[in-house]
Every structure is written in C-alpha cells, then in structure tokens.
$ cat final.cif   # mmCIF, C-alpha atoms
data_structure
#
loop_
_atom_site.label_atom_id
_atom_site.label_comp_id
_atom_site.auth_asym_id
_atom_site.auth_seq_id
_atom_site.Cartn_x
_atom_site.Cartn_y
_atom_site.Cartn_z
CA MET A 1 0.00 0.00 0.00
CA ASN A 2 1.27 3.49 -0.86
CA PRO A 3 2.66 4.90 2.43
CA ASP A 4 1.68 8.45 1.42
CA TYR A 5 -1.94 7.30 1.44
CA LEU A 6 -1.76 6.54 5.15
CA GLN A 7 0.40 9.59 5.87
CA PHE A 8 -1.53 12.37 4.17
CA GLN A 9 -5.13 11.26 3.53
CA ALA A 10 -7.47 10.91 6.49
CA GLN A 11 -8.72 7.36 6.96
CA THR A 12 -12.04 5.91 8.03
CA SER A 13 -10.62 2.69 9.48
CA LEU A 14 -7.32 1.19 10.59
CA HIS A 15 -7.41 -1.36 7.78
CA PRO A 16 -8.45 0.12 4.41
CA MET A 17 -8.56 -2.24 1.44
CA GLY A 18 -5.76 -0.19 -0.09
CA LEU A 19 -6.06 -1.01 -3.79
CA ASP A 20 -3.84 1.42 -5.71
CA ILE A 21 -6.16 2.31 -8.59
CA ALA A 22 -4.90 2.94 -12.11
CA SER A 23 -8.17 2.90 -14.07
CA ALA A 24 -11.73 1.60 -14.12
CA LYS A 25 -13.88 0.68 -17.08
CA GLY A 26 -17.16 -1.16 -17.40
CA ASN A 27 -17.49 -3.62 -14.53
CA TYR A 28 -13.76 -3.82 -13.80
CA ILE A 29 -11.27 -1.85 -11.72
CA TYR A 30 -7.54 -2.08 -12.51
CA ASP A 31 -4.68 -1.55 -10.07
CA LYS A 32 -1.28 -0.10 -10.86
CA GLN A 33 0.19 -3.56 -11.26
CA GLY A 34 -2.29 -4.22 -14.07
CA LYS A 35 -4.47 -6.63 -12.13
CA ALA A 36 -8.18 -6.60 -13.01
CA TYR A 37 -10.88 -6.80 -10.36
CA LEU A 38 -14.49 -7.64 -11.17
CA ASP A 39 -16.56 -5.12 -9.23
CA PHE A 40 -19.47 -6.57 -7.23
CA VAL A 41 -19.85 -3.39 -5.15
CA ALA A 42 -20.26 -0.54 -7.70
CA GLY A 43 -18.89 2.15 -5.42
CA VAL A 44 -21.38 1.05 -2.74
CA SER A 45 -24.38 1.05 -5.11
CA ALA A 46 -23.33 4.32 -6.76
CA ASN A 47 -22.01 3.23 -10.17
CA SER A 48 -25.34 2.24 -11.69
CA LEU A 49 -23.90 1.92 -15.20
CA GLY A 50 -20.48 0.65 -14.22
CA HIS A 51 -17.24 2.60 -14.45
CA SER A 52 -16.65 5.44 -16.91
CA PRO A 53 -19.88 4.90 -18.88
CA LYS A 54 -19.59 6.75 -22.18
CA VAL A 55 -23.10 8.19 -22.01
CA VAL A 56 -22.31 9.84 -18.68
CA GLN A 57 -18.84 11.01 -19.67
CA ASP A 58 -20.13 12.55 -22.90
CA ALA A 59 -22.86 14.41 -21.03
CA MET A 60 -20.39 15.80 -18.51
CA VAL A 61 -17.91 16.90 -21.18
CA ALA A 62 -20.66 18.62 -23.15
CA GLN A 63 -21.76 20.49 -20.04
CA MET A 64 -18.20 21.44 -19.08
CA ASN A 65 -17.71 22.87 -22.55
CA GLN A 66 -20.80 25.02 -21.98
CA TYR A 67 -20.28 26.12 -18.36
CA THR A 68 -19.60 24.69 -14.91
CA HIS A 69 -20.57 26.41 -11.64
CA VAL A 70 -22.25 29.76 -12.15
CA MET A 71 -24.30 30.53 -9.02
CA VAL A 72 -25.57 29.07 -5.77
CA TYR A 73 -28.56 26.75 -5.98
CA GLY A 74 -31.89 28.26 -6.99
CA GLU A 75 -30.84 31.63 -8.40
CA PHE A 76 -30.22 31.02 -12.10
CA VAL A 77 -32.15 28.90 -14.59
CA GLN A 78 -29.81 26.14 -15.78
CA ASP A 79 -31.09 23.72 -18.39
CA ILE A 80 -29.54 20.48 -17.14
CA PRO A 81 -30.48 20.66 -13.43
CA LEU A 82 -33.98 21.63 -14.55
CA ALA A 83 -34.13 18.73 -17.01
CA LEU A 84 -33.04 16.27 -14.34
CA SER A 85 -35.64 17.56 -11.90
CA LYS A 86 -38.36 17.38 -14.54
CA LEU A 87 -37.39 13.83 -15.57
CA LEU A 88 -37.53 12.68 -11.96
CA VAL A 89 -40.97 14.21 -11.45
CA GLU A 90 -42.27 12.69 -14.69
CA ASN A 91 -41.41 9.25 -13.34
CA LEU A 92 -42.76 9.68 -9.81
CA PRO A 93 -46.28 9.77 -8.34
CA GLU A 94 -48.21 12.99 -8.87
CA SER A 95 -47.72 14.28 -5.33
CA LEU A 96 -43.93 14.14 -5.62
CA ASN A 97 -43.63 17.04 -8.01
CA MET A 98 -40.82 19.32 -6.84
CA VAL A 99 -37.14 18.40 -6.53
CA TYR A 100 -34.36 19.91 -4.45
CA LEU A 101 -30.97 18.75 -5.78
CA THR A 102 -28.14 18.36 -3.27
CA ASN A 103 -24.49 17.38 -3.11
CA SER A 104 -25.11 14.05 -1.41
CA GLY A 105 -27.67 11.71 0.06
CA THR A 106 -26.75 12.91 3.54
CA GLU A 107 -27.53 16.51 2.62
CA ALA A 108 -30.85 15.36 1.18
CA ILE A 109 -31.60 13.69 4.51
CA GLU A 110 -30.84 16.92 6.33
CA GLY A 111 -33.07 18.89 3.99
CA SER A 112 -35.93 16.43 4.35
CA LEU A 113 -35.81 16.57 8.16
CA LYS A 114 -35.89 20.36 8.08
CA LEU A 115 -38.78 20.27 5.64
CA ALA A 116 -40.79 17.86 7.80
CA LYS A 117 -40.37 20.10 10.83
CA ARG A 118 -41.30 23.18 8.81
CA VAL A 119 -44.44 21.59 7.29
CA THR A 120 -45.78 20.06 10.50
CA GLY A 121 -44.59 22.55 13.09
CA ARG A 122 -43.38 19.58 15.12
CA PHE A 123 -39.86 18.40 15.94
CA GLU A 124 -40.06 14.70 16.87
CA ILE A 125 -38.51 12.39 14.29
CA ILE A 126 -39.00 8.63 14.42
CA SER A 127 -36.49 6.35 12.74
CA ALA A 128 -35.85 2.61 12.79
CA ARG A 129 -33.39 0.65 14.88
CA TYR A 130 -30.27 -0.21 12.87
CA ALA A 131 -31.14 2.48 10.31
CA TYR A 132 -28.38 4.34 8.52
CA HIS A 133 -29.13 7.70 6.93
CA GLY A 134 -25.74 9.40 6.76
CA ASN A 135 -23.01 10.69 9.01
CA SER A 136 -23.63 14.37 9.68
CA GLN A 137 -24.97 15.47 13.06
CA GLY A 138 -28.60 15.48 12.00
CA SER A 139 -28.51 12.24 10.03
CA MET A 140 -26.43 10.57 12.73
CA SER A 141 -29.15 11.48 15.22
CA ILE A 142 -31.59 9.23 13.37
CA ASN A 143 -29.11 6.41 12.86
CA GLY A 144 -30.33 3.40 14.77
CA GLN A 145 -27.05 1.97 16.06
CA GLU A 146 -25.86 3.60 19.28
CA SER A 147 -22.28 2.32 19.07
CA THR A 148 -21.63 4.39 15.94
CA LYS A 149 -22.76 7.69 17.45
CA SER A 150 -22.27 7.64 21.22
CA ALA A 151 -18.83 9.29 20.92
CA PHE A 152 -20.41 12.31 19.23
CA ARG A 153 -23.24 13.09 21.61
CA PRO A 154 -25.07 15.33 22.27
CA LEU A 155 -26.86 15.05 18.95
CA VAL A 156 -30.15 16.52 17.73
CA PRO A 157 -32.85 15.88 20.36
CA GLY A 158 -36.38 14.62 19.74
CA THR A 159 -35.55 11.33 18.03
CA LYS A 160 -37.27 8.03 18.80
CA PHE A 161 -36.86 4.59 17.29
CA ILE A 162 -39.15 1.79 16.18
CA GLN A 163 -38.33 -1.74 15.09
CA PHE A 164 -38.44 -2.16 11.31
CA ASN A 165 -41.24 -4.54 10.24
CA ASN A 166 -42.84 -4.45 13.73
CA ILE A 167 -46.47 -3.37 13.43
CA ASP A 168 -46.84 -3.22 17.23
CA ASP A 169 -44.31 -0.38 17.38
CA LEU A 170 -46.43 1.94 15.26
CA ASP A 171 -48.33 3.27 18.27
CA LYS A 172 -45.13 5.18 19.07
CA ILE A 173 -46.05 7.44 16.15
CA THR A 174 -48.20 10.15 17.75
CA CYS A 175 -49.55 13.64 17.27
CA GLU A 176 -46.15 14.92 18.42
CA THR A 177 -44.36 13.23 15.52
CA ALA A 178 -43.20 15.41 12.64
CA ALA A 179 -42.06 12.51 10.46
CA VAL A 180 -41.20 8.85 10.31
CA ILE A 181 -38.12 8.22 8.21
CA LEU A 182 -37.38 4.73 6.93
CA GLU A 183 -35.07 3.16 4.40
CA THR A 184 -37.37 1.37 1.97
CA ILE A 185 -34.89 -1.51 2.29
CA GLN A 186 -32.69 -1.28 5.37
CA GLY A 187 -29.11 -1.18 4.10
CA SER A 188 -26.53 -1.27 6.87
CA ALA A 189 -28.82 -3.49 8.97
CA GLY A 190 -28.35 -6.32 6.46
CA PHE A 191 -30.53 -5.54 3.42
CA VAL A 192 -33.77 -6.09 5.33
CA VAL A 193 -36.78 -6.01 3.00
CA PRO A 194 -40.13 -4.67 4.28
CA GLU A 195 -42.73 -7.33 4.96
CA VAL A 196 -45.95 -7.28 2.95
CA GLY A 197 -48.17 -4.47 4.19
CA TYR A 198 -45.63 -2.90 6.55
CA LEU A 199 -44.96 0.33 4.68
CA GLN A 200 -48.69 0.80 4.06
CA ALA A 201 -49.34 0.41 7.78
CA VAL A 202 -46.70 3.03 8.59
CA LYS A 203 -48.22 5.46 6.08
CA GLU A 204 -51.73 4.91 7.45
CA ARG A 205 -50.52 5.58 11.00
CA CYS A 206 -48.73 8.74 9.84
CA GLU A 207 -51.93 9.97 8.20
CA GLU A 208 -53.92 9.25 11.36
CA VAL A 209 -51.73 11.53 13.48
CA GLY A 210 -50.69 14.12 10.88
CA ALA A 211 -47.08 13.01 10.58
CA LEU A 212 -45.15 12.78 7.31
CA LEU A 213 -43.61 9.62 5.88
CA ILE A 214 -40.08 10.05 4.53
CA LEU A 215 -38.63 7.18 2.50
CA ASP A 216 -34.88 7.02 2.01
CA GLU A 217 -33.90 5.30 -1.24
CA ILE A 218 -30.38 6.62 -1.47
CA GLN A 219 -29.18 3.06 -1.88
CA SER A 220 -32.17 1.05 -3.12
CA GLY A 221 -33.28 3.40 -5.89
CA VAL A 222 -32.57 4.12 -9.56
CA GLY A 223 -33.53 0.67 -10.82
CA ARG A 224 -31.57 -1.44 -8.36
CA THR A 225 -34.56 -3.57 -7.32
CA GLY A 226 -36.27 -3.83 -10.71
CA LYS A 227 -38.39 -0.69 -10.60
CA LEU A 228 -37.13 2.85 -10.65
CA PHE A 229 -37.58 3.03 -6.89
CA GLU A 230 -38.30 0.29 -4.38
CA PHE A 231 -41.42 1.96 -2.95
CA MET A 232 -43.03 1.37 -6.36
CA HIS A 233 -43.17 -2.34 -5.47
CA HIS A 234 -45.43 -1.40 -2.57
CA ASP A 235 -48.81 0.31 -2.44
CA VAL A 236 -47.48 3.43 -0.75
CA VAL A 237 -46.37 6.94 -1.69
CA PRO A 238 -44.12 8.86 0.72
CA ASP A 239 -44.71 12.50 1.62
CA ILE A 240 -41.00 13.20 1.17
CA PHE A 241 -38.72 11.02 -0.92
CA ILE A 242 -34.92 10.87 -0.96
CA THR A 243 -32.58 9.59 -3.65
CA GLY A 244 -28.85 9.75 -4.33
CA LYS A 245 -25.92 7.37 -4.93
CA GLY A 246 -26.88 5.56 -8.17
CA LEU A 247 -28.60 8.66 -9.57
CA GLY A 248 -25.22 10.25 -10.30
CA GLY A 249 -23.74 7.38 -12.31
CA GLY A 250 -20.57 7.62 -10.23
CA MET A 251 -20.77 11.33 -9.43
CA PRO A 252 -21.83 12.84 -6.07
CA ILE A 253 -25.51 13.73 -5.94
CA GLY A 254 -28.64 13.62 -3.81
CA ALA A 255 -32.18 14.93 -3.95
CA PHE A 256 -35.18 15.29 -1.71
CA ILE A 257 -38.56 15.44 -3.37
CA SER A 258 -42.02 16.38 -2.15
CA SER A 259 -45.09 18.34 -3.23
CA LYS A 260 -44.70 21.92 -4.35
CA GLU A 261 -46.91 22.96 -1.45
CA ASN A 262 -44.49 21.39 1.00
CA MET A 263 -41.31 22.50 -0.72
CA MET A 264 -42.42 26.13 -0.80
CA GLN A 265 -42.25 26.09 2.99
CA LEU A 266 -38.47 26.42 2.62
CA VAL A 267 -38.77 29.67 0.67
CA GLU A 268 -39.79 32.06 3.46
CA ASN A 269 -40.20 32.33 7.24
CA PRO A 270 -37.24 32.04 7.14
CA LYS A 271 -35.93 32.79 3.69
CA LEU A 272 -33.31 30.36 2.42
CA GLY A 273 -34.73 27.53 4.54
CA HIS A 274 -32.25 25.25 2.84
CA ILE A 275 -29.37 26.62 0.82
CA THR A 276 -26.40 24.99 -0.90
CA THR A 277 -23.59 26.32 -3.05
CA PHE A 278 -22.90 23.29 -5.21
CA GLY A 279 -26.15 21.31 -5.00
CA GLY A 280 -27.54 20.92 -8.51
CA HIS A 281 -24.09 21.56 -10.00
CA PRO A 282 -24.62 21.49 -13.78
CA VAL A 283 -21.86 18.96 -14.51
CA ILE A 284 -23.13 16.61 -11.82
CA ALA A 285 -26.71 17.15 -12.97
CA ALA A 286 -25.61 16.25 -16.52
CA ALA A 287 -24.26 12.95 -15.18
CA GLY A 288 -27.50 12.36 -13.29
CA TYR A 289 -29.70 13.19 -16.25
CA ALA A 290 -27.72 10.90 -18.56
CA THR A 291 -27.78 8.09 -15.99
CA LEU A 292 -31.51 8.37 -15.34
CA LYS A 293 -32.33 8.51 -19.06
CA GLU A 294 -30.23 5.41 -19.69
CA VAL A 295 -31.80 3.45 -16.83
CA LEU A 296 -35.30 4.38 -18.03
CA ALA A 297 -34.73 3.75 -21.73
CA SER A 298 -32.32 0.81 -21.80
CA GLY A 299 -34.46 -1.99 -20.42
CA LEU A 300 -31.99 -2.62 -17.60
CA MET A 301 -34.73 -2.68 -14.98
CA SER A 302 -36.50 -5.52 -16.78
CA GLU A 303 -33.32 -7.62 -16.43
CA ILE A 304 -32.89 -7.19 -12.68
CA ALA A 305 -35.09 -10.10 -11.60
CA ALA A 306 -33.20 -12.55 -13.84
CA LYS A 307 -29.86 -11.28 -12.55
CA GLU A 308 -31.02 -11.68 -8.97
CA GLN A 309 -32.17 -15.22 -9.76
CA CYS A 310 -28.77 -15.99 -11.30
CA ILE A 311 -26.97 -14.92 -8.13
CA ARG A 312 -29.33 -16.82 -5.84
CA GLU A 313 -29.06 -20.00 -7.92
CA LYS A 314 -25.27 -19.82 -8.14
CA LEU A 315 -24.55 -18.98 -4.50
CA VAL A 316 -25.59 -22.26 -2.94
CA HIS A 317 -23.09 -23.32 -0.29
CA PRO A 318 -23.32 -24.73 3.25
CA ALA A 319 -21.47 -21.65 4.55
CA ILE A 320 -24.05 -19.28 3.05
CA GLN A 321 -26.94 -19.27 5.51
CA SER A 322 -29.19 -17.03 3.44
CA ILE A 323 -29.18 -14.31 0.81
CA ARG A 324 -30.99 -11.18 1.93
CA GLY A 325 -32.21 -8.28 -0.13
CA LYS A 326 -33.78 -7.78 -3.51
CA GLY A 327 -32.70 -7.27 -7.11
CA LEU A 328 -29.05 -6.29 -7.26
CA MET A 329 -29.03 -5.21 -3.61
CA LEU A 330 -28.10 -8.54 -2.03
CA ALA A 331 -26.14 -9.78 0.97
CA ALA A 332 -24.79 -13.29 1.41
CA MET A 333 -25.04 -14.12 5.11
CA VAL A 334 -22.42 -16.30 6.79
CA GLU A 335 -22.01 -17.49 10.37
CA THR A 336 -19.66 -14.86 11.82
CA PRO A 337 -18.21 -11.43 11.01
CA GLU A 338 -14.74 -12.97 11.08
CA LEU A 339 -15.69 -15.47 8.39
CA ALA A 340 -17.24 -12.72 6.25
CA THR A 341 -14.03 -10.70 6.46
CA GLN A 342 -11.84 -13.66 5.54
CA ILE A 343 -14.01 -14.41 2.51
CA ILE A 344 -14.09 -10.79 1.34
CA LEU A 345 -10.30 -10.47 1.55
CA LYS A 346 -9.71 -13.84 -0.11
CA ALA A 347 -12.02 -12.83 -2.97
CA LEU A 348 -10.10 -9.58 -3.35
CA ASP A 349 -6.88 -11.56 -3.77
CA LYS A 350 -8.63 -13.58 -6.46
CA GLY A 351 -9.83 -10.51 -8.38
CA LEU A 352 -13.37 -9.94 -7.04
CA ILE A 353 -14.39 -6.84 -5.11
CA LEU A 354 -16.91 -7.48 -2.35
CA PHE A 355 -17.56 -5.39 0.75
CA TRP A 356 -19.06 -5.29 4.22
CA LEU A 357 -22.29 -3.82 5.62
CA LEU A 358 -21.93 -1.28 8.38
CA PHE A 359 -24.02 -2.82 11.17
CA GLU A 360 -24.39 -6.47 10.10
CA GLY A 361 -20.93 -7.99 10.22
CA ARG A 362 -22.01 -11.40 8.93
CA ALA A 363 -23.07 -9.95 5.57
CA ILE A 364 -21.11 -9.98 2.31
CA ARG A 365 -22.31 -7.13 0.11
CA ILE A 366 -23.25 -7.91 -3.51
CA THR A 367 -24.33 -4.72 -5.30
CA PRO A 368 -22.82 -4.82 -8.81
CA PRO A 369 -23.55 -2.30 -11.57
CA LEU A 370 -27.03 -2.70 -13.07
CA ASN A 371 -25.63 -3.42 -16.53
CA ILE A 372 -23.43 -6.29 -15.45
CA ASN A 373 -24.10 -9.31 -17.68
CA ILE A 374 -24.98 -12.86 -16.69
CA GLN A 375 -21.52 -14.19 -17.63
CA GLU A 376 -19.84 -11.67 -15.32
CA LEU A 377 -22.29 -12.49 -12.55
CA GLU A 378 -21.54 -16.19 -12.90
CA LYS A 379 -17.79 -15.50 -12.93
CA GLY A 380 -18.04 -13.42 -9.76
CA CYS A 381 -20.18 -16.01 -8.00
CA ASP A 382 -17.67 -18.72 -8.93
CA ILE A 383 -14.85 -16.67 -7.41
CA LEU A 384 -16.91 -16.11 -4.27
CA LEU A 385 -17.60 -19.84 -3.91
CA GLU A 386 -13.92 -20.65 -4.50
CA SER A 387 -12.99 -18.10 -1.85
CA ILE A 388 -15.38 -19.63 0.67
CA ASN A 389 -13.92 -23.08 0.05
CA GLU A 390 -10.34 -21.89 0.39
CA VAL A 391 -11.08 -20.03 3.62
CA ILE A 392 -12.95 -22.96 5.16
CA ASN A 393 -10.33 -25.51 4.12
CA THR A 394 -7.35 -23.49 5.29
#

$ encode --input "final.cif" --output "structure tokens"
Amino acid sequence: MNPDYLQFQAQTSLHPMGLDIASAKGNYIYDKQGKAYLDFVAGVSANSLGHSPKVVQDAMVAQMNQYTHVMVYGEFVQDIPLALSKLLVENLPESLNMVYLTNSGTEAIEGSLKLAKRVTGRFEIISARYAYHGNSQGSMSINGQESTKSAFRPLVPGTKFIQFNNIDDLDKITCETAAVILETIQGSAGFVVPEVGYLQAVKERCEEVGALLILDEIQSGVGRTGKLFEFMHHDVVPDIFITGKGLGGGMPIGAFISSKENMMQLVENPKLGHITTFGGHPVIAAAGYATLKEVLASGLMSEIAAKEQCIREKLVHPAIQSIRGKGLMLAAMVETPELATQIILKALDKGLILFWLLFEGRAIRITPPLNINIQELEKGCDILLESINEVINT
C-alpha cells in the first residue's frame, strides 16, 4: 500500500482495502500492477452503469464545454439541473412534483428533516433501529445503532426509534411526531426487506396523526430492485422522498422530493430555509440526467429479476446461511463477522471486489452495476464460492 496514502489522507478505518487504482472501465477496476478486479460493489451502489460509462462522460464533457458552476442553488435557470428535476418528477407519483438537488444523500436527509419540521410545526422524528441515513450530526441522530454515534453526543434531540417490520411499534407514532423516516430496504442493517403491508401500515398511521412519511432510497433506488424506486413495489407513496448514490452514475448527488406545497415552505419564514452552493451543479446534474435517461430507456430494470435469480441459484453453499435483499441489492449471510471478512479479503486476492455492511458484520455485500451481464455475474459467483472453500479448508 502506498505509504503516502496513510500519511496524508485521512482514513475511516485502521485497515483500508488499499487497492492502488490505475483505471476503471465497465465492470472492472484495474490496479497499478495491471491486475483486473471484477466489481461486485459498484462504489457502494453508486455506479449504476459501471465505471466510466460513455453516455455519462459525454454528457459531462458537453456540459463542461458550456459552463460549470455559475451561481448558488436556486438563483439562475440552468437547463440540465432543470431537465433532471423534470425527468424525476415525470417518473414519480403525482404528489412528488418538486425536486431539491443536493451534493449528497446525507444533505438530502438533512433537507428532508428540516422540511418535515417546517411543514408540520413539530420536531419529533421517528427512525428505525439499525437504520443508517448518513453521518452528519442530523442524520447521525436518526441512525439506529448507538455504538456508531455515542462518541459524538449530544446530537439533535427529539428522536425516537421503532423496530423495522414491527407493526406493534407503530403506536409510538403520535400527534407529536413530525415525520417517520425509513429506508425502503434497510441497508446497513443487512438488506432487510419490508414485509408485505408494513410500509402501508406506517403510512396509514402517519396519516392518522398528521405526521409525514419520509422514504430514504439513497441506496435502493434508480432501478436497483427492478423498478425505478423500491417503494413502487409497494402500495405506498411517501410525503417526502430521498434519492442519491446511483442517480449520479458515479458522481456525487442527492435529492429530496415532495409536493410543491411542501417545498415552498423552505422559501420564506425564514428565507433560504435550505441553501447549498454546489447542490444541482450542472456537470453533476448532466451525469444524473444521462444516468436516469439510460436506466429508463435501456431496459436494464426488466433484467434485474433474472440477474437476482442468477446470483441466488449460483450462491448455494453450506457456509451461506441465506441471501438477503432484492434485485441487485443482495447480501450473502455467513455465520460470523470474522468469516465474512476472511471471505471478502480472499475474494479480493482472487480478483473480485466485495464489501461489508456497516451494522451487520455477517453480511457480504453484492451490489454490482445494473448493466453487469450474466456471464460476469456467474464468474463473480464462482470466485466467491472458491474463496469460501479456500477459507474454510485453510
């Protein structure tokens, strides 16, 4: 590993993977020794179309040749951010008709919490245990794993937690609640899918007490589960909706979306209720617009179920206790966190990039680019199975 990397660039852990990257193209990443790695992580669900997709690169270059940053968000009319916002709205339910573009999913979370408080006049936010919504002070306050945030207290007050998929917990949602925020599929908790009827029950309870439902699809959205967004598999429409990650096609982006009536609450009393310098940056918006158009027009979403089936059929092994998740948001569950780590590192040596989940140590993340083909999926699964066998037989 390059010693300058550990000397000069702040780290997030004591043991980074440390690949020294030379290039990335399609579904492969190449290190400086020329070794190719099949990518089953996609930048943690961010590279929807793989690495360096031409359609995204061309859109960014065209925009850079026109102009880059010209003004803080919301002051000038810029064609590409407007086009991206319009395309999102055209593919969402009627009530989700105004988009606020941000720099990241975390910033979109922050904006949505502010909006919920502004619309309802309340301050209590209810989240789910083992939820992950970002790492800023506000988003950390609604993260449902105490061990990851106790060192940074005090955080934002007024947060309560319910158990995901537990109908009995819904009576904790009261007339004091501004919003309930849930990941449509819990990510860091282990790719936990909502049970039939759960999200509808949450929405009904919110409507009973005048609270808003916020759905976070920063990770599960943009075609990853076979529809544009996971909530579209369920008979529910959120009051505020959040996207990010895969929307940018490898570039940093987020958005929170609600009705125009709600979003206008950020315009006055106070003015500039949410403001950002680089949110909606035209070059990033060009990447997002190109990515979203490609996902919608290419037929990729219609292939997701078959690709999921391929992975589930290939990854049959006594060490794999289950495969959680949906579409191309899957986690192979093994007995212990130590075993998961050994398998992930062995696979890396063999040219396959896998990764961990934040709160569920027994999980092996499988979130490849949406346009990965069946042959590449089979190759990656074979490497994973070989890695499991080598680790177990060592």

$ closest_residue --input "final.cif" --among "A:Met1, A:Leu247, A:Val222, A:Ala151" --to "Ile304 in chain A" --atoms "only C-alpha atoms"
A:Val222

$ atom_distance --input "final.cif" --atom1 "CA of Ile173 in chain A" --atom2 "CA of Phe123 in chain A"
12.6 Å

$ residues_near_point --input "final.cif" --point "(1.3, -2.9, -11.9)" --cutoff "10 Å" --atoms "all atoms listed in the file" --output "PyMOL selection string"
chain A and resi 20-22+30-35

$ atom_distance --input "final.cif" --atom1 "CA of Ile167 in chain A" --atom2 "CA of Gly138 in chain A"
26.0 Å

$ resolve_selection --input "final.cif" --expression "the PyMOL selection byres ((chain A and resi 283-296) around 8)" --output "PyMOL selection string"
chain A and resi 48-49+55-57+59-60+63-64+68+80-81+83-84+87+222-223+228+247-249+251-253+280-282+297-301

$ write_last_selection --input "final.cif" --atoms "C-alpha atoms" --output "PDB file, in the frame of the given file"
ATOM      1  CA  SER A  48     -25.340   2.240 -11.690  1.00  0.00           C
ATOM      2  CA  LEU A  49     -23.900   1.920 -15.200  1.00  0.00           C
ATOM      3  CA  VAL A  55     -23.100   8.190 -22.010  1.00  0.00           C
ATOM      4  CA  VAL A  56     -22.310   9.840 -18.680  1.00  0.00           C
ATOM      5  CA  GLN A  57     -18.840  11.010 -19.670  1.00  0.00           C
ATOM      6  CA  ALA A  59     -22.860  14.410 -21.030  1.00  0.00           C
ATOM      7  CA  MET A  60     -20.390  15.800 -18.510  1.00  0.00           C
ATOM      8  CA  GLN A  63     -21.760  20.490 -20.040  1.00  0.00           C
ATOM      9  CA  MET A  64     -18.200  21.440 -19.080  1.00  0.00           C
ATOM     10  CA  THR A  68     -19.600  24.690 -14.910  1.00  0.00           C
ATOM     11  CA  ILE A  80     -29.540  20.480 -17.140  1.00  0.00           C
ATOM     12  CA  PRO A  81     -30.480  20.660 -13.430  1.00  0.00           C
ATOM     13  CA  ALA A  83     -34.130  18.730 -17.010  1.00  0.00           C
ATOM     14  CA  LEU A  84     -33.040  16.270 -14.340  1.00  0.00           C
ATOM     15  CA  LEU A  87     -37.390  13.830 -15.570  1.00  0.00           C
ATOM     16  CA  VAL A 222     -32.570   4.120  -9.560  1.00  0.00           C
ATOM     17  CA  GLY A 223     -33.530   0.670 -10.820  1.00  0.00           C
ATOM     18  CA  LEU A 228     -37.130   2.850 -10.650  1.00  0.00           C
ATOM     19  CA  LEU A 247     -28.600   8.660  -9.570  1.00  0.00           C
ATOM     20  CA  GLY A 248     -25.220  10.250 -10.300  1.00  0.00           C
ATOM     21  CA  GLY A 249     -23.740   7.380 -12.310  1.00  0.00           C
ATOM     22  CA  MET A 251     -20.770  11.330  -9.430  1.00  0.00           C
ATOM     23  CA  PRO A 252     -21.830  12.840  -6.070  1.00  0.00           C
ATOM     24  CA  ILE A 253     -25.510  13.730  -5.940  1.00  0.00           C
ATOM     25  CA  GLY A 280     -27.540  20.920  -8.510  1.00  0.00           C
ATOM     26  CA  HIS A 281     -24.090  21.560 -10.000  1.00  0.00           C
ATOM     27  CA  PRO A 282     -24.620  21.490 -13.780  1.00  0.00           C
ATOM     28  CA  ALA A 297     -34.730   3.750 -21.730  1.00  0.00           C
ATOM     29  CA  SER A 298     -32.320   0.810 -21.800  1.00  0.00           C
ATOM     30  CA  GLY A 299     -34.460  -1.990 -20.420  1.00  0.00           C
ATOM     31  CA  LEU A 300     -31.990  -2.620 -17.600  1.00  0.00           C
ATOM     32  CA  MET A 301     -34.730  -2.680 -14.980  1.00  0.00           C
TER      33      MET A 301
END

$ closest_atom_pairs --input "final.cif" --of "range 33-68 of chain A" --to "range 371-382 of chain A" --cutoff "12 Å" --atoms "all atoms listed in the file" --output "CSV"
residue,atom,partner,partner_atom,distance
A:Tyr37,CA,A:Gly380,CA,9.8
A:Leu38,CA,A:Gly380,CA,6.9
A:Asp39,CA,A:Gly380,CA,8.4
A:Phe40,CA,A:Gly380,CA,7.4
A:Val41,CA,A:Gly380,CA,11.2
A:Ala42,CA,A:Ile372,CA,10.2
A:Asn47,CA,A:Asn371,CA,9.9
A:Ser48,CA,A:Asn371,CA,7.5
A:Leu49,CA,A:Asn371,CA,5.8
A:Gly50,CA,A:Asn371,CA,7.0
A:His51,CA,A:Asn371,CA,10.5
A:Pro53,CA,A:Asn371,CA,10.4

$ build_atoms --input "final.cif" --residues "range 185-199 of chain A" --atoms "N, CA and C atoms" --output "CSV table (one decimal), keeping the file's coordinate frame"
chain,number,residue,atom,x,y,z
A,185,ILE,N,-35.6,-0.3,1.9
A,185,ILE,CA,-34.9,-1.5,2.3
A,185,ILE,C,-33.8,-1.1,3.2
A,186,GLN,N,-33.7,-1.6,4.4
A,186,GLN,CA,-32.7,-1.3,5.4
A,186,GLN,C,-31.3,-1.8,4.8
A,187,GLY,N,-30.4,-0.9,4.7
A,187,GLY,CA,-29.1,-1.2,4.1
A,187,GLY,C,-28.1,-1.7,5.1
A,188,SER,N,-27.6,-0.9,5.9
A,188,SER,CA,-26.5,-1.3,6.9
A,188,SER,C,-27.0,-2.4,7.8
A,189,ALA,N,-28.3,-2.5,8.1
A,189,ALA,CA,-28.8,-3.5,9.0
A,189,ALA,C,-28.7,-4.9,8.4
A,190,GLY,N,-28.5,-5.0,7.1
A,190,GLY,CA,-28.4,-6.3,6.5
A,190,GLY,C,-29.3,-6.5,5.3
A,191,PHE,N,-29.6,-5.5,4.6
A,191,PHE,CA,-30.5,-5.5,3.4
A,191,PHE,C,-31.9,-6.2,3.8
A,192,VAL,N,-32.5,-5.6,4.8
A,192,VAL,CA,-33.8,-6.1,5.3
A,192,VAL,C,-34.9,-5.5,4.5
A,193,VAL,N,-35.7,-6.4,3.9
A,193,VAL,CA,-36.8,-6.0,3.0
A,193,VAL,C,-38.1,-5.8,3.8
A,194,PRO,N,-38.9,-4.8,3.5
A,194,PRO,CA,-40.1,-4.7,4.3
A,194,PRO,C,-41.1,-5.8,4.0
A,195,GLU,N,-41.7,-6.3,5.1
A,195,GLU,CA,-42.7,-7.3,5.0
A,195,GLU,C,-44.0,-6.8,4.3
A,196,VAL,N,-44.7,-7.7,3.7
A,196,VAL,CA,-46.0,-7.3,3.0
A,196,VAL,C,-46.9,-6.5,3.9
A,197,GLY,N,-47.2,-5.3,3.4
A,197,GLY,CA,-48.2,-4.5,4.2
A,197,GLY,C,-47.5,-3.6,5.2
A,198,TYR,N,-46.2,-3.7,5.5
A,198,TYR,CA,-45.6,-2.9,6.6
A,198,TYR,C,-45.6,-1.4,6.2
A,199,LEU,N,-45.1,-1.1,5.0
A,199,LEU,CA,-45.0,0.3,4.7
A,199,LEU,C,-46.3,1.0,4.6
